[in-house]
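Source file: coords_0.cif; contents: mmCIF, C-alpha atoms.
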```
data_protein
#
loop_
_atom_site.label_atom_id
_atom_site.label_comp_id
_atom_site.auth_asym_id
_atom_site.auth_seq_id
_atom_site.Cartn_x
_atom_site.Cartn_y
_atom_site.Cartn_z
CA MET A 1 -17.40 0.18 46.63
CA ALA A 2 -15.46 0.54 43.38
CA ARG A 3 -14.96 4.05 42.10
CA VAL A 4 -16.83 4.84 38.86
CA ARG A 5 -14.49 6.01 36.11
CA PRO A 6 -15.61 8.04 33.10
CA LEU A 7 -15.45 6.31 29.73
CA SER A 8 -12.92 8.17 27.60
CA GLY A 9 -14.37 9.96 24.59
CA PHE A 10 -18.04 9.66 25.63
CA PRO A 11 -19.02 12.94 27.27
CA GLU A 12 -21.78 13.39 29.81
CA TRP A 13 -22.75 16.89 30.84
CA THR A 14 -23.92 18.38 34.11
CA PRO A 15 -27.39 20.02 33.98
CA SER A 16 -25.87 23.48 33.50
CA GLU A 17 -23.62 22.22 30.68
CA ARG A 18 -26.60 20.51 29.06
CA VAL A 19 -28.49 23.84 29.10
CA VAL A 20 -25.64 25.39 27.08
CA GLU A 21 -25.55 22.44 24.64
CA ALA A 22 -29.32 22.58 24.14
CA ALA A 23 -29.20 26.35 23.53
CA VAL A 24 -26.55 25.87 20.81
CA LEU A 25 -28.58 23.11 19.13
CA ASP A 26 -31.79 25.19 19.33
CA SER A 27 -30.02 28.19 17.78
CA LEU A 28 -28.75 26.06 14.88
CA ARG A 29 -32.22 24.57 14.30
CA GLU A 30 -33.83 28.03 14.28
CA THR A 31 -31.36 29.38 11.70
CA PHE A 32 -31.71 26.34 9.44
CA ARG A 33 -35.53 26.45 9.59
CA LEU A 34 -35.61 30.19 8.84
CA HIS A 35 -33.81 29.44 5.58
CA GLY A 36 -36.23 26.74 4.50
CA PHE A 37 -34.30 23.62 5.47
CA ALA A 38 -36.42 20.67 6.64
CA GLU A 39 -35.23 18.63 9.62
CA ILE A 40 -34.80 14.89 9.26
CA GLU A 41 -33.45 12.18 11.51
CA THR A 42 -31.99 8.93 10.24
CA ARG A 43 -31.48 5.70 12.10
CA ALA A 44 -28.27 5.32 14.11
CA VAL A 45 -27.12 2.18 12.27
CA GLU A 46 -26.39 1.27 8.66
CA PRO A 47 -25.20 -1.96 7.08
CA LEU A 48 -21.43 -2.24 7.48
CA ALA A 49 -20.86 -2.70 3.76
CA ARG A 50 -22.59 0.63 3.07
CA LEU A 51 -20.86 2.49 5.90
CA ALA A 52 -17.34 1.32 5.17
CA GLY A 53 -17.41 1.45 1.39
CA ASP A 54 -13.85 1.56 0.11
CA SER A 55 -12.64 4.32 2.42
CA GLU A 56 -10.32 4.31 5.41
CA ALA A 57 -13.33 5.15 7.57
CA SER A 58 -13.91 1.46 8.27
CA LYS A 59 -11.31 1.74 11.06
CA GLU A 60 -13.57 4.19 12.87
CA ILE A 61 -16.84 2.23 12.80
CA TYR A 62 -18.37 0.84 15.97
CA THR A 63 -20.14 -2.39 15.06
CA LEU A 64 -23.33 -3.49 16.70
CA GLY A 65 -24.47 -6.99 17.57
CA ARG A 66 -26.26 -8.98 20.21
CA LEU A 67 -24.18 -10.96 22.67
CA GLY A 68 -24.23 -14.65 21.84
CA ALA A 69 -25.72 -14.09 18.38
CA GLU A 70 -24.00 -15.81 15.49
CA ALA A 71 -22.29 -13.52 13.01
CA ASP A 72 -24.54 -12.99 10.01
CA ALA A 73 -22.82 -11.08 7.22
CA GLU A 74 -26.05 -9.47 6.02
CA ALA A 75 -27.14 -8.48 9.51
CA LYS A 76 -23.87 -6.75 10.42
CA VAL A 77 -24.51 -3.12 11.17
CA GLY A 78 -22.47 -0.27 12.56
CA LEU A 79 -23.12 3.10 14.19
CA HIS A 80 -22.81 5.91 11.65
CA PHE A 81 -19.58 7.94 11.96
CA ASP A 82 -21.00 10.93 10.10
CA LEU A 83 -24.35 11.86 8.53
CA THR A 84 -23.37 11.68 4.86
CA VAL A 85 -23.88 7.96 4.23
CA PRO A 86 -27.20 7.79 6.13
CA PHE A 87 -28.46 10.85 4.25
CA ALA A 88 -27.55 9.39 0.85
CA ARG A 89 -29.41 6.20 1.76
CA TYR A 90 -32.37 8.23 3.06
CA VAL A 91 -32.70 10.18 -0.20
CA GLU A 92 -32.50 6.97 -2.22
CA GLU A 93 -35.10 5.28 -0.03
CA PHE A 94 -37.57 8.17 0.24
CA GLN A 95 -37.07 9.95 -3.09
CA HIS A 96 -40.71 9.28 -4.04
CA ALA A 97 -41.84 11.37 -1.02
CA LEU A 98 -39.34 14.26 -1.32
CA ALA A 99 -39.67 17.51 -3.28
CA PHE A 100 -36.48 18.36 -5.18
CA PRO A 101 -34.35 20.30 -4.77
CA PHE A 102 -34.52 18.88 -1.25
CA LYS A 103 -33.11 21.15 1.47
CA ARG A 104 -32.41 19.24 4.64
CA PHE A 105 -30.76 19.77 7.97
CA GLN A 106 -29.85 17.10 10.45
CA ILE A 107 -28.50 17.40 13.98
CA GLN A 108 -27.76 14.01 15.38
CA LYS A 109 -25.22 12.03 17.37
CA VAL A 110 -22.45 10.23 15.52
CA TRP A 111 -19.80 7.80 16.75
CA ARG A 112 -16.15 7.47 15.72
CA GLY A 113 -13.82 4.81 17.00
CA GLU A 114 -10.76 7.01 17.11
CA ARG A 115 -8.44 7.68 20.02
CA PRO A 116 -9.86 10.69 21.83
CA GLN A 117 -7.61 13.73 21.94
CA GLU A 118 -8.04 17.17 23.44
CA GLY A 119 -11.36 18.57 22.20
CA ARG A 120 -12.29 15.41 20.24
CA TYR A 121 -14.77 12.76 21.27
CA ARG A 122 -15.93 9.32 20.17
CA GLU A 123 -19.57 10.35 20.53
CA PHE A 124 -20.71 13.83 19.54
CA TYR A 125 -23.38 15.82 17.75
CA GLN A 126 -22.92 16.66 14.10
CA ALA A 127 -24.97 19.38 12.40
CA ASP A 128 -25.33 19.14 8.61
CA ILE A 129 -27.22 21.07 5.96
CA ASP A 130 -27.44 19.94 2.36
CA VAL A 131 -29.35 20.56 -0.82
CA VAL A 132 -29.93 17.62 -3.15
CA GLY A 133 -31.20 17.92 -6.70
CA ARG A 134 -32.37 15.34 -9.18
CA ASP A 135 -30.43 16.27 -12.31
CA GLY A 136 -28.29 19.11 -11.02
CA LEU A 137 -28.41 22.16 -8.79
CA PRO A 138 -28.43 25.85 -9.59
CA ALA A 139 -25.22 27.50 -8.35
CA HIS A 140 -27.11 29.87 -6.05
CA LEU A 141 -28.11 26.92 -3.83
CA GLU A 142 -24.46 26.07 -3.16
CA VAL A 143 -23.87 29.69 -2.22
CA GLU A 144 -26.95 29.61 0.02
CA VAL A 145 -25.53 26.70 2.02
CA ALA A 146 -22.37 28.72 2.77
CA VAL A 147 -24.43 31.78 3.73
CA VAL A 148 -26.66 29.75 6.07
CA MET A 149 -23.61 28.17 7.71
CA ALA A 150 -22.10 31.62 8.29
CA ARG A 151 -25.37 32.91 9.76
CA ALA A 152 -25.72 29.86 12.02
CA LEU A 153 -22.21 30.39 13.42
CA SER A 154 -22.63 34.15 13.84
CA ALA A 155 -25.82 33.56 15.88
CA LEU A 156 -23.77 31.67 18.48
CA PRO A 157 -21.68 33.32 21.22
CA LEU A 158 -18.41 32.42 19.51
CA PRO A 159 -15.45 34.47 18.34
CA GLY A 160 -15.56 35.49 14.68
CA ALA A 161 -15.08 32.69 12.18
CA THR A 162 -13.38 32.68 8.79
CA MET A 163 -14.97 30.65 6.05
CA ARG A 164 -12.89 29.30 3.20
CA VAL A 165 -14.79 27.98 0.21
CA ASN A 166 -13.23 25.39 -2.06
CA ASP A 167 -14.28 23.51 -5.15
CA ARG A 168 -12.83 20.03 -5.45
CA ARG A 169 -12.88 20.30 -9.25
CA LEU A 170 -10.35 23.16 -9.09
CA VAL A 171 -8.02 21.17 -6.85
CA GLU A 172 -8.33 18.07 -9.05
CA GLY A 173 -7.57 20.19 -12.13
CA PHE A 174 -4.50 21.64 -10.44
CA TYR A 175 -3.19 18.19 -9.45
CA ARG A 176 -3.69 16.85 -12.96
CA GLY A 177 -2.01 19.97 -14.36
CA VAL A 178 1.16 19.34 -12.34
CA GLY A 179 1.22 15.68 -13.39
CA ILE A 180 -0.24 13.91 -10.34
CA THR A 181 -2.00 10.74 -11.47
CA ASP A 182 -3.31 9.53 -8.10
CA VAL A 183 -5.60 12.51 -7.48
CA ALA A 184 -7.65 10.72 -4.78
CA GLY A 185 -4.45 9.80 -2.90
CA ALA A 186 -3.15 13.36 -3.15
CA LEU A 187 -6.45 14.72 -1.79
CA ARG A 188 -6.31 12.31 1.17
CA SER A 189 -2.73 13.33 1.95
CA VAL A 190 -3.52 17.03 1.82
CA ASP A 191 -6.57 16.49 4.06
CA LYS A 192 -4.24 14.88 6.64
CA LEU A 193 -1.53 17.52 6.33
CA ASP A 194 -2.26 19.04 9.75
CA LYS A 195 -1.96 15.60 11.40
CA ILE A 196 1.01 14.12 9.54
CA GLY A 197 3.01 17.27 8.70
CA PRO A 198 4.76 18.11 5.40
CA ASP A 199 7.28 15.24 5.69
CA GLY A 200 4.50 12.68 6.15
#
```
Hey, can you dump this file as structure tokens for me?
Amino acid sequence: MARVRPLSGFPEWTPSERVVEAAVLDSLRETFRLHGFAEIETRAVEPLARLAGDSEASKEIYTLGRLGAEADAEAKVGLHFDLTVPFARYVEEFQHALAFPFKRFQIQKVWRGERPQEGRYREFYQADIDVVGRDGLPAHLEVEVAVVMARALSALPLPGATMRVNDRRLVEGFYRGVGITDVAGALRSVDKLDKIGPDG
């Protein structure tokens, strides 16, 4: 009988490990609900054109199709690699049924087609909270998101965490001030700094 090998990057837990995972997810849900965030769940797939957009993320998308089915450009879908794109589509699709500002949380599996490294997986849970407004948001709601995140983490049996808050507008202003014209490219490079190093 052939030996079964684990599939790299797709974790499966023992019952005792699953108990721990479920306790973490339950703790996050409780904190988010206590602060008035409504739970949603979106479908696992989105049209490829919407998922990929014009970002480099297209390299990470797992596509989905039936064996033997002819490729149909409009029917091509992929598993979501984060919850941002599905949430944006959800708000657009269900805006008639939502009360704004809409406070949502979502804890759902996502899939990324990257090479697994220590502590990183191809399939994992992502927990998001967001507040969406129609014509703008009061500043206190952005602060509330940071506070809720801090409370959610402090409720878990983890070492202390440090939260750093940033505003992209400040960074963009700084880049323009020092003469950088490709602001989006500079932001991508800085985001990858830990991976590529200063020389990269």
Local residues around (-35.6, 25.4, 10.5), at most 12 Å away, using all atoms listed in the file, as a list in words =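 All residues meeting the 12 Å criterion around (-35.6, 25.4, 10.5) are Leu25, Asp26, Ser27, Leu28, Arg29, Glu30, Thr31, Phe32, Arg33, Leu34, His35, Gly36, Phe37, Ala38, Glu39, Ile40, Lys103, Arg104, Phe105, Gln106, Ile107, Ile129, Val148 and Ala152 of chain A.
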A:His80, A:Asp182, A:Gln117, A:Leu137: which is nearest A:Phe100, counting all atoms listed in the file?
-> A:Leu137
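Considering all atoms listed in the file, the residue among A:Val147, A:Arg168, A:Gly197, A:Ser154 positioned nearest to A:Val24 is A:Ser154.
What separates atom CA of A:Tyr121 from atom CA of A:Gly9 is a distance of 4.4 Å.
The nearest approach to A:Asp135 among the residues A:Arg169, A:Pro101, A:Arg89, A:Gly160, with all atoms listed in the file taken into account, belongs to A:Pro101.
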Any idea what's packed within 9 Å of A:Ala150, counting only C-alpha atoms, ignoring anything in its chain fewer than 6 positions away? Could you give it as a PyMOL selection string?
-> chain A and resi 161-163
Please produce a file of the residues just selected, as an mmCIF file, keeping the file's coordinate frame, where the atoms kept are C-alpha atoms.
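Done, and the output landed in part_36.cif:
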```
data_model
loop_
_atom_site.group_PDB
_atom_site.id
_atom_site.type_symbol
_atom_site.label_atom_id
_atom_site.label_comp_id
_atom_site.auth_asym_id
_atom_site.auth_seq_id
_atom_site.Cartn_x
_atom_site.Cartn_y
_atom_site.Cartn_z
ATOM 1 C CA ALA A 161 -15.080 32.690 12.180
ATOM 2 C CA THR A 162 -13.380 32.680 8.790
ATOM 3 C CA MET A 163 -14.970 30.650 6.050
#
```
Work out how far apart atom CA of A:Val190 and atom CA of A:Asn166 are and give it in Å to one decimal.
->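 Going from atom CA of A:Val190 over to atom CA of A:Asn166 covers 13.4 Å.
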Do you know which residues are at most 7 Å from A:Glu46 counting only C-alpha atoms, after dropping those on the same chain fewer than 4 positions away, and could you put them as a list of chain:residue names?
->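 Counting only C-alpha atoms, the residues come to A:Arg50, A:Leu51, A:Val77, A:Gly78, A:Leu79, A:His80.
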